[in-house]
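Student: Data: target_14.tsv, TSV, C-alpha atoms.
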chain	number	residue	atom	x	y	z
D	1	MET	CA	91.20	70.97	83.31
D	2	LYS	CA	89.29	71.59	80.06
D	3	THR	CA	88.74	75.12	78.72
D	4	ILE	CA	85.20	76.08	77.74
D	5	LEU	CA	84.32	79.27	75.87
D	6	THR	CA	80.98	80.91	76.62
D	7	ILE	CA	79.66	83.50	74.16
D	8	THR	CA	76.70	85.31	75.67
D	9	GLY	CA	75.37	88.41	77.39
D	10	SER	CA	76.09	89.82	80.83
D	11	ASP	CA	73.39	89.54	83.52
D	12	SER	CA	74.07	92.10	86.23
D	13	THR	CA	72.04	90.08	88.76
D	14	GLY	CA	74.38	87.10	88.27
D	15	GLY	CA	71.42	84.75	87.84
D	16	SER	CA	72.07	84.04	84.17
D	17	GLY	CA	74.40	85.09	81.37
D	18	VAL	CA	78.17	84.98	81.46
D	19	GLN	CA	78.29	85.26	85.25
D	20	ALA	CA	76.21	82.10	85.74
D	21	ASP	CA	78.18	80.28	83.01
D	22	ILE	CA	81.50	80.99	84.71
D	23	ARG	CA	80.14	79.95	88.09
D	24	THR	CA	78.73	76.66	86.77
D	25	ILE	CA	81.76	75.75	84.67
D	26	ALA	CA	84.14	76.44	87.56
D	27	ALA	CA	81.97	74.50	90.03
D	28	LEU	CA	82.12	71.42	87.80
D	29	GLY	CA	85.88	71.48	87.30
D	30	GLY	CA	86.17	73.30	83.97
D	31	TYR	CA	87.99	76.51	83.12
D	32	ALA	CA	85.71	79.22	81.76
D	33	VAL	CA	86.72	81.83	79.20
D	34	SER	CA	84.24	84.27	77.73
D	35	ALA	CA	83.20	86.63	74.98
D	36	VAL	CA	80.42	89.06	75.95
D	37	THR	CA	77.82	89.96	73.31
D	38	SER	CA	75.49	92.28	75.23
D	39	ILE	CA	75.38	94.12	78.54
D	40	THR	CA	72.05	94.33	80.34
D	41	VAL	CA	70.75	96.90	82.76
D	42	GLN	CA	68.64	94.72	85.03
D	43	ASN	CA	67.74	93.66	88.53
D	44	THR	CA	65.34	91.13	90.00
D	45	VAL	CA	62.40	93.11	88.59
D	46	GLY	CA	63.57	92.65	85.00
D	47	ILE	CA	65.67	94.06	82.17
D	48	GLN	CA	65.49	97.84	81.78
D	49	ALA	CA	67.95	98.30	78.90
D	50	PHE	CA	70.52	96.63	76.63
D	51	TYR	CA	73.84	97.64	75.22
D	52	ASP	CA	74.81	95.31	72.37
D	53	LEU	CA	78.57	95.32	71.95
D	54	PRO	CA	79.84	96.16	68.45
D	55	ALA	CA	80.35	93.04	66.33
D	56	ASP	CA	84.05	93.75	65.81
D	57	ILE	CA	84.56	93.79	69.60
D	58	VAL	CA	82.76	90.45	69.92
D	59	LYS	CA	84.90	89.08	67.08
D	60	GLY	CA	88.06	90.33	68.76
D	61	GLN	CA	87.16	88.66	72.04
D	62	ILE	CA	86.46	85.32	70.36
D	63	GLU	CA	89.60	85.34	68.21
D	64	ALA	CA	91.85	86.37	71.12
D	65	ILE	CA	90.61	83.45	73.23
D	66	ILE	CA	90.51	80.80	70.50
D	67	ASN	CA	93.94	81.67	69.10
D	68	ASP	CA	95.53	81.48	72.52
D	69	MET	CA	93.60	78.82	74.48
D	70	GLN	CA	91.95	76.73	71.75
D	71	PRO	CA	88.80	75.63	73.61
D	72	ASP	CA	87.23	72.58	71.99
D	73	THR	CA	83.81	73.22	73.60
D	74	VAL	CA	81.76	76.38	73.05
D	75	LYS	CA	78.51	77.36	74.76
D	76	ILE	CA	76.46	80.10	73.11
D	77	GLY	CA	73.70	82.15	74.70
D	78	MET	CA	72.44	85.65	73.92
D	79	ILE	CA	72.75	86.83	70.30
D	80	ARG	CA	70.70	89.95	69.55
D	81	THR	CA	72.05	91.31	66.24
D	82	THR	CA	72.72	89.88	62.80
D	83	GLU	CA	76.19	91.45	62.83
D	84	THR	CA	77.12	89.60	66.02
D	85	LEU	CA	75.65	86.40	64.63
D	86	ALA	CA	77.81	86.75	61.51
D	87	VAL	CA	81.10	86.99	63.42
D	88	ILE	CA	80.16	84.06	65.67
D	89	VAL	CA	79.27	81.85	62.71
D	90	GLU	CA	82.49	82.87	60.96
D	91	ALA	CA	84.59	81.92	63.99
D	92	LEU	CA	82.84	78.59	64.54
D	93	SER	CA	83.15	77.66	60.86
D	94	LYS	CA	86.84	78.58	60.84
D	95	TYR	CA	88.00	76.99	64.10
D	96	ARG	CA	85.49	74.10	64.29
D	97	PRO	CA	85.28	73.34	68.02
D	98	HIS	CA	84.37	69.75	68.85
D	99	HIS	CA	81.19	70.63	70.80
D	100	ILE	CA	78.86	73.60	70.27
D	101	ILE	CA	75.97	73.99	72.71
D	102	TYR	CA	73.41	76.70	71.91
D	103	ASP	CA	70.88	77.97	74.46
D	104	PRO	CA	68.76	80.53	72.55
D	105	ILE	CA	67.71	83.50	74.65
D	106	VAL	CA	64.47	84.32	72.81
D	107	THR	CA	62.42	85.76	75.65
D	108	ALA	CA	63.19	87.23	79.06
D	109	SER	CA	61.82	85.66	82.22
D	110	ASN	CA	59.01	88.26	82.18
D	111	GLY	CA	58.05	87.30	78.60
D	112	ASP	CA	59.66	90.21	76.73
D	113	ARG	CA	61.08	89.34	73.30
D	114	LEU	CA	64.87	89.68	73.17
D	115	MET	CA	65.44	88.78	69.48
D	116	THR	CA	63.93	90.10	66.27
D	117	ASP	CA	62.40	87.84	63.64
D	118	ASP	CA	65.29	88.62	61.28
D	119	VAL	CA	67.89	87.47	63.83
D	120	ILE	CA	65.90	84.29	64.52
D	121	MET	CA	65.61	83.50	60.80
D	122	GLN	CA	69.35	83.89	60.26
D	123	ILE	CA	70.14	81.81	63.36
D	124	ARG	CA	67.87	79.09	62.00
D	125	HIS	CA	69.76	78.87	58.73
D	126	ARG	CA	73.33	79.79	59.70
D	127	LEU	CA	73.98	78.81	63.33
D	128	LEU	CA	71.79	75.79	64.06
D	129	PRO	CA	73.48	73.49	61.50
D	130	LEU	CA	76.79	74.00	63.33
D	131	CYS	CA	75.45	72.99	66.75
D	132	SER	CA	75.96	69.71	68.61
D	133	MET	CA	72.87	70.39	70.73
D	134	VAL	CA	70.28	73.17	70.99
D	135	ILE	CA	68.69	73.67	74.42
D	136	LEU	CA	65.13	74.99	74.21
D	137	ARG	CA	62.25	75.99	76.38
D	138	GLU	CA	59.10	74.51	74.90
D	139	SER	CA	57.56	77.92	74.17
D	140	ASP	CA	60.64	78.91	72.11
D	141	ALA	CA	60.74	75.79	69.91
D	142	GLU	CA	58.24	77.15	67.40
D	143	ARG	CA	60.11	80.45	67.02
D	144	ILE	CA	63.53	78.87	66.63
D	145	PHE	CA	62.59	75.98	64.32
D	146	ASN	CA	59.61	77.59	62.55
D	147	CYS	CA	57.38	74.66	63.47
D	148	THR	CA	54.95	73.65	66.17
D	149	SER	CA	56.39	72.71	69.56
D	150	LEU	CA	58.54	69.61	69.43
D	151	GLN	CA	56.49	66.54	70.14
D	152	GLY	CA	57.03	63.97	72.86
D	153	SER	CA	58.59	66.24	75.50
D	154	GLU	CA	58.75	64.73	78.97
D	155	THR	CA	58.42	66.47	82.31
D	156	THR	CA	62.10	67.32	82.45
D	157	ALA	CA	63.41	67.14	78.90
D	158	SER	CA	63.13	65.42	75.57
D	159	ILE	CA	65.75	64.92	72.88
D	160	SER	CA	64.45	65.42	69.35
D	161	ALA	CA	65.77	65.75	65.84
D	162	ASN	CA	63.56	68.37	64.22
D	163	LYS	CA	62.83	68.62	60.53
D	164	GLN	CA	66.06	70.56	60.01
D	165	GLY	CA	68.09	67.67	61.41
D	166	VAL	CA	69.34	69.68	64.39
D	167	ARG	CA	69.55	67.79	67.67
D	168	SER	CA	67.60	69.61	70.35
D	169	LEU	CA	66.66	69.22	73.98
D	170	VAL	CA	63.36	70.62	75.25
D	171	LEU	CA	63.43	71.63	78.90
D	172	ASP	CA	60.52	71.82	81.29
D	173	GLU	CA	58.68	75.12	81.08
D	174	VAL	CA	58.77	75.62	84.85
D	175	LEU	CA	62.54	76.07	85.05
D	176	GLN	CA	63.21	79.38	86.74
D	177	HIS	CA	65.44	82.23	85.65
D	178	GLY	CA	68.95	81.08	84.86
D	179	LEU	CA	68.47	77.33	85.33
D	180	SER	CA	68.38	76.48	81.61
D	181	ASN	CA	71.50	78.62	81.29
D	182	SER	CA	73.20	76.61	84.04
D	183	PHE	CA	71.99	73.35	82.50
D	184	SER	CA	73.60	74.28	79.16
D	185	SER	CA	76.87	75.19	80.85
D	186	ALA	CA	76.87	71.96	82.85
D	187	LEU	CA	76.21	69.99	79.67
D	188	ALA	CA	79.16	71.73	77.99
D	189	VAL	CA	81.45	70.78	80.89
D	190	TYR	CA	80.47	67.12	80.87
D	191	LEU	CA	80.83	66.89	77.08
D	192	SER	CA	84.28	68.47	77.33
D	193	GLN	CA	85.20	65.64	79.70
D	194	ASP	CA	84.52	63.14	76.89
D	195	GLU	CA	81.19	61.90	78.20
D	196	THR	CA	78.59	60.66	75.77
D	197	MET	CA	75.71	63.01	75.05
D	198	GLU	CA	73.32	60.80	77.04
D	199	ASP	CA	75.60	60.67	80.09
D	200	ALA	CA	76.33	64.39	79.89
D	201	ILE	CA	72.62	65.21	79.82
D	202	ASN	CA	71.92	62.99	82.82
D	203	HIS	CA	74.75	64.53	84.82
D	204	ALA	CA	73.62	68.05	83.87
D	205	LYS	CA	70.10	67.22	85.08
D	206	GLU	CA	71.52	65.98	88.36
D	207	TYR	CA	73.49	69.18	88.80
D	208	ILE	CA	70.42	71.32	88.12
D	209	ARG	CA	68.46	69.49	90.82
D	210	THR	CA	70.97	70.74	93.38
D	211	LEU	CA	70.35	74.33	92.22
D	212	VAL	CA	66.55	74.31	92.30
D	213	ALA	CA	66.32	75.36	95.92
D	214	ARG	CA	68.62	78.32	95.28
D	215	LYS	CA	66.31	79.56	92.51
D	216	SER	CA	63.01	78.86	94.24
D	217	ASP	CA	60.63	81.16	96.03
D	218	LEU	CA	60.81	79.11	99.22
D	219	SER	CA	61.00	81.29	102.28
D	220	GLY	CA	61.90	80.77	105.91
D	221	ARG	CA	64.59	78.85	107.73
D	222	SER	CA	64.46	75.68	105.64
D	223	SER	CA	65.45	77.17	102.26
D	224	GLN	CA	68.12	79.36	103.86
D	225	LEU	CA	69.49	76.38	105.75
D	226	TYR	CA	69.57	74.21	102.63
D	227	ASN	CA	71.50	76.84	100.69
D	228	GLU	CA	73.97	77.19	103.57
D	229	PHE	CA	74.34	73.41	103.67
D	230	LEU	CA	75.19	73.27	99.95
D	231	GLU	CA	77.75	76.02	100.41
D	232	ALA	CA	79.29	74.20	103.37
D	233	VAL	CA	79.49	70.96	101.35
D	234	GLN	CA	81.31	72.75	98.53
D	235	LYS	CA	83.77	74.15	101.08
D	236	HIS	CA	84.44	71.03	103.16
D	237	TYR	CA	83.62	67.90	101.09
D	238	ARG	CA	87.32	67.03	100.67
D	239	THR	CA	87.84	66.60	104.40
D	240	ASN	CA	84.41	66.04	105.96
D	241	ARG	CA	81.71	63.56	104.96
D	242	ASP	CA	79.97	63.33	108.33
D	243	VAL	CA	76.44	64.78	108.41
D	244	ALA	CA	76.90	65.70	112.08
D	245	PHE	CA	79.84	67.95	111.12
D	246	TYR	CA	77.64	69.96	108.75
D	247	ALA	CA	74.80	70.09	111.27
D	248	ASP	CA	77.23	71.52	113.84
D	249	CYS	CA	78.48	74.07	111.31
D	250	LEU	CA	74.88	75.21	110.75
D	251	ASN	CA	73.95	75.03	114.45
D	252	VAL	CA	71.07	72.57	113.89
D	253	SER	CA	70.49	68.92	114.69
D	254	PRO	CA	71.37	66.25	112.12
D	255	ARG	CA	67.71	65.19	112.16
D	256	TYR	CA	66.47	68.68	111.22
D	257	LEU	CA	69.11	68.98	108.48
D	258	SER	CA	67.94	65.63	107.10
D	259	GLN	CA	64.29	66.74	107.13
D	260	VAL	CA	65.12	69.95	105.28
D	261	ALA	CA	67.25	68.16	102.66
D	262	HIS	CA	64.52	65.58	102.00
D	263	ARG	CA	61.83	68.23	101.77
D	264	ILE	CA	63.68	70.38	99.24
D	265	SER	CA	65.72	67.90	97.19
D	266	GLY	CA	64.29	64.48	97.98
D	267	LYS	CA	67.77	63.37	99.06
D	268	SER	CA	69.50	62.74	102.33
D	269	PRO	CA	72.36	65.03	103.39
D	270	LYS	CA	74.75	62.06	103.16
D	271	SER	CA	73.82	61.34	99.56
D	272	ILE	CA	74.33	65.02	98.64
D	273	ILE	CA	77.76	65.03	100.29
D	274	ASP	CA	78.77	61.75	98.66
D	275	HIS	CA	77.52	62.83	95.23
D	276	THR	CA	79.50	66.09	95.42
D	277	LEU	CA	82.63	64.17	96.37
D	278	ALA	CA	82.10	61.50	93.69
D	279	GLU	CA	81.74	64.15	90.97
D	280	ALA	CA	84.96	65.84	92.08
D	281	LEU	CA	86.80	62.49	92.13
D	282	SER	CA	85.50	61.62	88.67
D	283	CYS	CA	86.81	64.93	87.37
D	284	GLN	CA	90.24	64.27	88.91
D	285	LEU	CA	90.41	60.81	87.34
D	286	ARG	CA	89.46	62.21	83.92
D	287	THR	CA	91.60	65.30	83.83
D	288	THR	CA	94.79	64.64	85.82
D	289	GLN	CA	97.72	62.23	85.68
D	290	SER	CA	97.76	61.81	89.47
D	291	THR	CA	97.85	58.21	90.67
D	292	ILE	CA	94.78	56.76	92.33
D	293	GLN	CA	96.67	56.67	95.62
D	294	GLU	CA	97.59	60.36	95.31
D	295	ILE	CA	93.96	61.28	94.60
D	296	ALA	CA	92.79	59.17	97.54
D	297	TYR	CA	95.09	60.92	100.02
D	298	ASP	CA	94.42	64.35	98.50
D	299	PHE	CA	90.70	63.88	99.17
D	300	GLY	CA	91.12	62.70	102.73
D	301	PHE	CA	90.75	58.92	102.36
D	302	SER	CA	92.82	56.86	104.77
D	303	SER	CA	93.84	54.40	102.04
D	304	GLN	CA	93.51	53.62	98.36
D	305	ALA	CA	91.28	50.68	99.27
D	306	GLN	CA	88.84	52.91	101.15
D	307	PHE	CA	88.77	55.34	98.22
D	308	SER	CA	88.17	52.52	95.70
D	309	LYS	CA	85.32	51.08	97.78
D	310	PHE	CA	83.62	54.48	98.05
D	311	PHE	CA	84.08	55.30	94.36
D	312	LYS	CA	82.73	51.94	93.16
D	313	LYS	CA	79.66	52.29	95.38
D	314	GLN	CA	78.94	55.75	93.98
D	315	MET	CA	79.86	55.28	90.32
D	316	GLY	CA	79.40	51.54	89.74
D	317	GLN	CA	83.02	51.06	88.64
D	318	ALA	CA	86.40	50.84	90.32
D	319	PRO	CA	88.61	53.92	89.80
D	320	THR	CA	90.96	52.03	87.47
D	321	GLU	CA	88.04	50.83	85.32
D	322	TRP	CA	86.53	54.33	85.27
D	323	ARG	CA	89.80	55.88	84.15
D	324	LYS	CA	90.29	53.29	81.37
D	325	HIS	CA	86.70	53.76	80.20
Produce structure tokens that represent the structure in this file.
Tutor:
Amino acid sequence: MKTILTITGSDSTGGSGVQADIRTIAALGGYAVSAVTSITVQNTVGIQAFYDLPADIVKGQIEAIINDMQPDTVKIGMIRTTETLAVIVEALSKYRPHHIIYDPIVTASNGDRLMTDDVIMQIRHRLLPLCSMVILRESDAERIFNCTSLQGSETTASISANKQGVRSLVLDEVLQHGLSNSFSSALAVYLSQDETMEDAINHAKEYIRTLVARKSDLSGRSSQLYNEFLEAVQKHYRTNRDVAFYADCLNVSPRYLSQVAHRISGKSPKSIIDHTLAEALSCQLRTTQSTIQEIAYDFGFSSQAQFSKFFKKQMGQAPTEWRKH
């Protein structure tokens, strides 16, 4: 299990910030450690106040974690003061983690500015050159890079190398509160598992699609049911892959569950279950020394052959080939 350090603010609603980072990293098989930069006073209406932790406290958190646990992947979010920026840059330059993902928190979901021009200017010159990837909302690209919005962005995202030579990813403007945060954390996890940047981005996109319903304004039985279905899958995917089992758990018919899943995610319940299981199996193959047979039995397969057949169908490679790759 790879350790990932998140350096960011605290969101008391749990929708973004360090709380969302920890939840995402843990859900994808990583181990999250953290250094908090700011504490917000907020609810679903918005942010009412900030308390920016003193820079020496932020520095102490980072050094304590890095010295002891040596994470090779760091995800950075909210930085609101030049003093905090200085200690973060100092730590990154000294310890040189393999991957640094930066998700600038320039504006709140209600449009309020969260960073001064001086902080942005210093980030541009001191932090960006250290980053493996910068995750941006299109409206923030001009502020961060001091240029017009990055060209060629697609509906979901576009990878660009701006004039400063920093690799950046522009996300769709319609992403709701916390989803870009979760995308960045997911990307950090997949990179820590030695995936290529392209593969890590694709897997992070796939993960975000499963969260969209949770963040949407959908109301009524269908959105509630879909969220309960996802929670049930996370709880039971090791031992149950039968759609009827989940329908029984939710006290609905398999047909209705299928209709809801297709409406919200465009996927069948079976494909959601299988994808969740395949991701967990991939993580086990990458991060443990367990034999393929041990993994197969641990995840409820009746034989190694059955496991190998399932895994190859989902991932396009046999487990042994995947592990070697």
Student: Within 8 Å of (70.4, 91.2, 61.9), in the coordinates the file gives, what residues turn up when you count all atoms listed in the file, written out as a list in words?
Tutor: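 Those residues lying close to the given coordinates are Arg80, Thr81, Thr82, Glu83, Leu85, Thr116, Asp118, Val119 and Gln122 of chain D.
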Student: Could you turn the residues from that selection into a file that holds C-alpha atoms, as a PDB file, in the coordinates of the input?
Tutor:
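Output saved as selection29.pdb:
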ATOM      1  CA  ARG D  80      70.700  89.950  69.550  1.00  0.00           C
ATOM      2  CA  THR D  81      72.050  91.310  66.240  1.00  0.00           C
ATOM      3  CA  THR D  82      72.720  89.880  62.800  1.00  0.00           C
ATOM      4  CA  GLU D  83      76.190  91.450  62.830  1.00  0.00           C
ATOM      5  CA  LEU D  85      75.650  86.400  64.630  1.00  0.00           C
ATOM      6  CA  THR D 116      63.930  90.100  66.270  1.00  0.00           C
ATOM      7  CA  ASP D 118      65.290  88.620  61.280  1.00  0.00           C
ATOM      8  CA  VAL D 119      67.890  87.470  63.830  1.00  0.00           C
ATOM      9  CA  GLN D 122      69.350  83.890  60.260  1.00  0.00           C
TER      10      GLN D 122
END
Student: Name all residues at most 12 Å from Asp274 of chain D (count only C-alpha atoms; drop same-chain ones fewer than 6 positions away) and give them as a PyMOL selection string.
Tutor: chain D and resi 233-234+236-243+267-268+280-281+307+310-315
Student: Work out how far atom CA of Asp112 of chain D is from atom CA of Lys205 of chain D, in Å to one decimal.
Tutor: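 We find that atom CA of Lys205 of chain D and atom CA of Asp112 of chain D lie 26.6 Å from each other.
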Student: Fewer than 6 positions away in the same chain doesn't count, so skip those; otherwise give me all residues within 9 Å of Gln293 of chain D, counting only C-alpha atoms, as a list of chain:residue names.
Tutor: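 Listed by chain and then number, they are D:Ser303, D:Gln304, D:Ala305, D:Phe307.
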Student: Give me, please, the distance in Å between atom CA of Ile123 of chain D and atom CA of Arg167 of chain D, quoted to one decimal.
Tutor: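 Going from atom CA of Ile123 of chain D over to atom CA of Arg167 of chain D, I get 14.7 Å.
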Student: Any chance you could export segment 226-248 of chain D with N, CA, C and O atoms, as an mmCIF file, in the first residue's frame?
Tutor:
data_model
loop_
_atom_site.group_PDB
_atom_site.id
_atom_site.type_symbol
_atom_site.label_atom_id
_atom_site.label_comp_id
_atom_site.auth_asym_id
_atom_site.auth_seq_id
_atom_site.Cartn_x
_atom_site.Cartn_y
_atom_site.Cartn_z
ATOM 1 N N TYR D 226 -29.258 5.065 -6.181
ATOM 2 C CA TYR D 226 -27.957 4.882 -6.823
ATOM 3 C C TYR D 226 -26.825 5.036 -5.808
ATOM 4 O O TYR D 226 -25.863 4.255 -5.803
ATOM 5 N N ASN D 227 -26.928 6.026 -4.951
ATOM 6 C CA ASN D 227 -25.900 6.209 -3.924
ATOM 7 C C ASN D 227 -25.849 5.017 -2.976
ATOM 8 O O ASN D 227 -24.773 4.550 -2.584
ATOM 9 N N GLU D 228 -27.010 4.493 -2.604
ATOM 10 C CA GLU D 228 -27.055 3.316 -1.738
ATOM 11 C C GLU D 228 -26.480 2.094 -2.446
ATOM 12 O O GLU D 228 -25.826 1.249 -1.805
ATOM 13 N N PHE D 229 -26.714 2.000 -3.740
ATOM 14 C CA PHE D 229 -26.145 0.894 -4.523
ATOM 15 C C PHE D 229 -24.619 0.962 -4.521
ATOM 16 O O PHE D 229 -23.944 -0.051 -4.289
ATOM 17 N N LEU D 230 -24.060 2.156 -4.756
ATOM 18 C CA LEU D 230 -22.599 2.295 -4.748
ATOM 19 C C LEU D 230 -22.023 1.932 -3.385
ATOM 20 O O LEU D 230 -20.963 1.290 -3.297
ATOM 21 N N GLU D 231 -22.693 2.339 -2.335
ATOM 22 C CA GLU D 231 -22.220 2.003 -0.988
ATOM 23 C C GLU D 231 -22.279 0.498 -0.746
ATOM 24 O O GLU D 231 -21.366 -0.083 -0.135
ATOM 25 N N ALA D 232 -23.344 -0.132 -1.228
ATOM 26 C CA ALA D 232 -23.474 -1.582 -1.062
ATOM 27 C C ALA D 232 -22.394 -2.318 -1.848
ATOM 28 O O ALA D 232 -21.847 -3.328 -1.380
ATOM 29 N N VAL D 233 -22.077 -1.826 -3.043
ATOM 30 C CA VAL D 233 -21.022 -2.449 -3.859
ATOM 31 C C VAL D 233 -19.689 -2.366 -3.126
ATOM 32 O O VAL D 233 -18.933 -3.351 -3.059
ATOM 33 N N GLN D 234 -19.367 -1.194 -2.560
ATOM 34 C CA GLN D 234 -18.114 -1.050 -1.830
ATOM 35 C C GLN D 234 -18.046 -2.006 -0.644
ATOM 36 O O GLN D 234 -16.982 -2.492 -0.283
ATOM 37 N N LYS D 235 -19.193 -2.307 -0.065
ATOM 38 C CA LYS D 235 -19.229 -3.167 1.126
ATOM 39 C C LYS D 235 -19.149 -4.651 0.776
ATOM 40 O O LYS D 235 -18.528 -5.440 1.505
ATOM 41 N N HIS D 236 -19.750 -5.046 -0.364
ATOM 42 C CA HIS D 236 -19.936 -6.472 -0.632
ATOM 43 C C HIS D 236 -19.250 -6.993 -1.895
ATOM 44 O O HIS D 236 -19.422 -8.173 -2.209
ATOM 45 N N TYR D 237 -18.491 -6.162 -2.630
ATOM 46 C CA TYR D 237 -17.995 -6.616 -3.943
ATOM 47 C C TYR D 237 -17.066 -7.822 -3.838
ATOM 48 O O TYR D 237 -16.932 -8.584 -4.799
ATOM 49 N N ARG D 238 -16.427 -8.033 -2.702
ATOM 50 C CA ARG D 238 -15.525 -9.184 -2.560
ATOM 51 C C ARG D 238 -16.278 -10.512 -2.608
ATOM 52 O O ARG D 238 -15.743 -11.520 -3.058
ATOM 53 N N THR D 239 -17.517 -10.503 -2.130
ATOM 54 C CA THR D 239 -18.240 -11.767 -1.988
ATOM 55 C C THR D 239 -19.496 -11.874 -2.833
ATOM 56 O O THR D 239 -20.044 -12.966 -2.982
ATOM 57 N N ASN D 240 -19.965 -10.755 -3.404
ATOM 58 C CA ASN D 240 -21.211 -10.790 -4.169
ATOM 59 C C ASN D 240 -21.095 -9.965 -5.447
ATOM 60 O O ASN D 240 -20.852 -8.753 -5.394
ATOM 61 N N ARG D 241 -21.296 -10.649 -6.586
ATOM 62 C CA ARG D 241 -21.269 -9.967 -7.882
ATOM 63 C C ARG D 241 -22.594 -10.128 -8.630
ATOM 64 O O ARG D 241 -22.678 -9.814 -9.815
ATOM 65 N N ASP D 242 -23.603 -10.583 -7.934
ATOM 66 C CA ASP D 242 -24.917 -10.829 -8.524
ATOM 67 C C ASP D 242 -25.787 -9.582 -8.347
ATOM 68 O O ASP D 242 -26.010 -9.117 -7.230
ATOM 69 N N VAL D 243 -26.299 -9.057 -9.457
ATOM 70 C CA VAL D 243 -27.132 -7.859 -9.403
ATOM 71 C C VAL D 243 -28.360 -8.094 -8.528
ATOM 72 O O VAL D 243 -28.794 -7.199 -7.787
ATOM 73 N N ALA D 244 -28.926 -9.299 -8.598
ATOM 74 C CA ALA D 244 -30.112 -9.607 -7.802
ATOM 75 C C ALA D 244 -29.839 -9.463 -6.300
ATOM 76 O O ALA D 244 -30.725 -9.062 -5.537
ATOM 77 N N PHE D 245 -28.623 -9.808 -5.871
ATOM 78 C CA PHE D 245 -28.265 -9.648 -4.463
ATOM 79 C C PHE D 245 -28.383 -8.194 -4.032
ATOM 80 O O PHE D 245 -28.959 -7.888 -2.975
ATOM 81 N N TYR D 246 -27.834 -7.279 -4.861
ATOM 82 C CA TYR D 246 -27.876 -5.859 -4.520
ATOM 83 C C TYR D 246 -29.296 -5.319 -4.596
ATOM 84 O O TYR D 246 -29.699 -4.473 -3.781
ATOM 85 N N ALA D 247 -30.074 -5.792 -5.569
ATOM 86 C CA ALA D 247 -31.477 -5.372 -5.659
ATOM 87 C C ALA D 247 -32.234 -5.785 -4.403
ATOM 88 O O ALA D 247 -33.034 -5.005 -3.857
ATOM 89 N N ASP D 248 -31.983 -7.004 -3.913
ATOM 90 C CA ASP D 248 -32.624 -7.469 -2.681
ATOM 91 C C ASP D 248 -32.202 -6.616 -1.485
ATOM 92 O O ASP D 248 -33.027 -6.281 -0.618
#
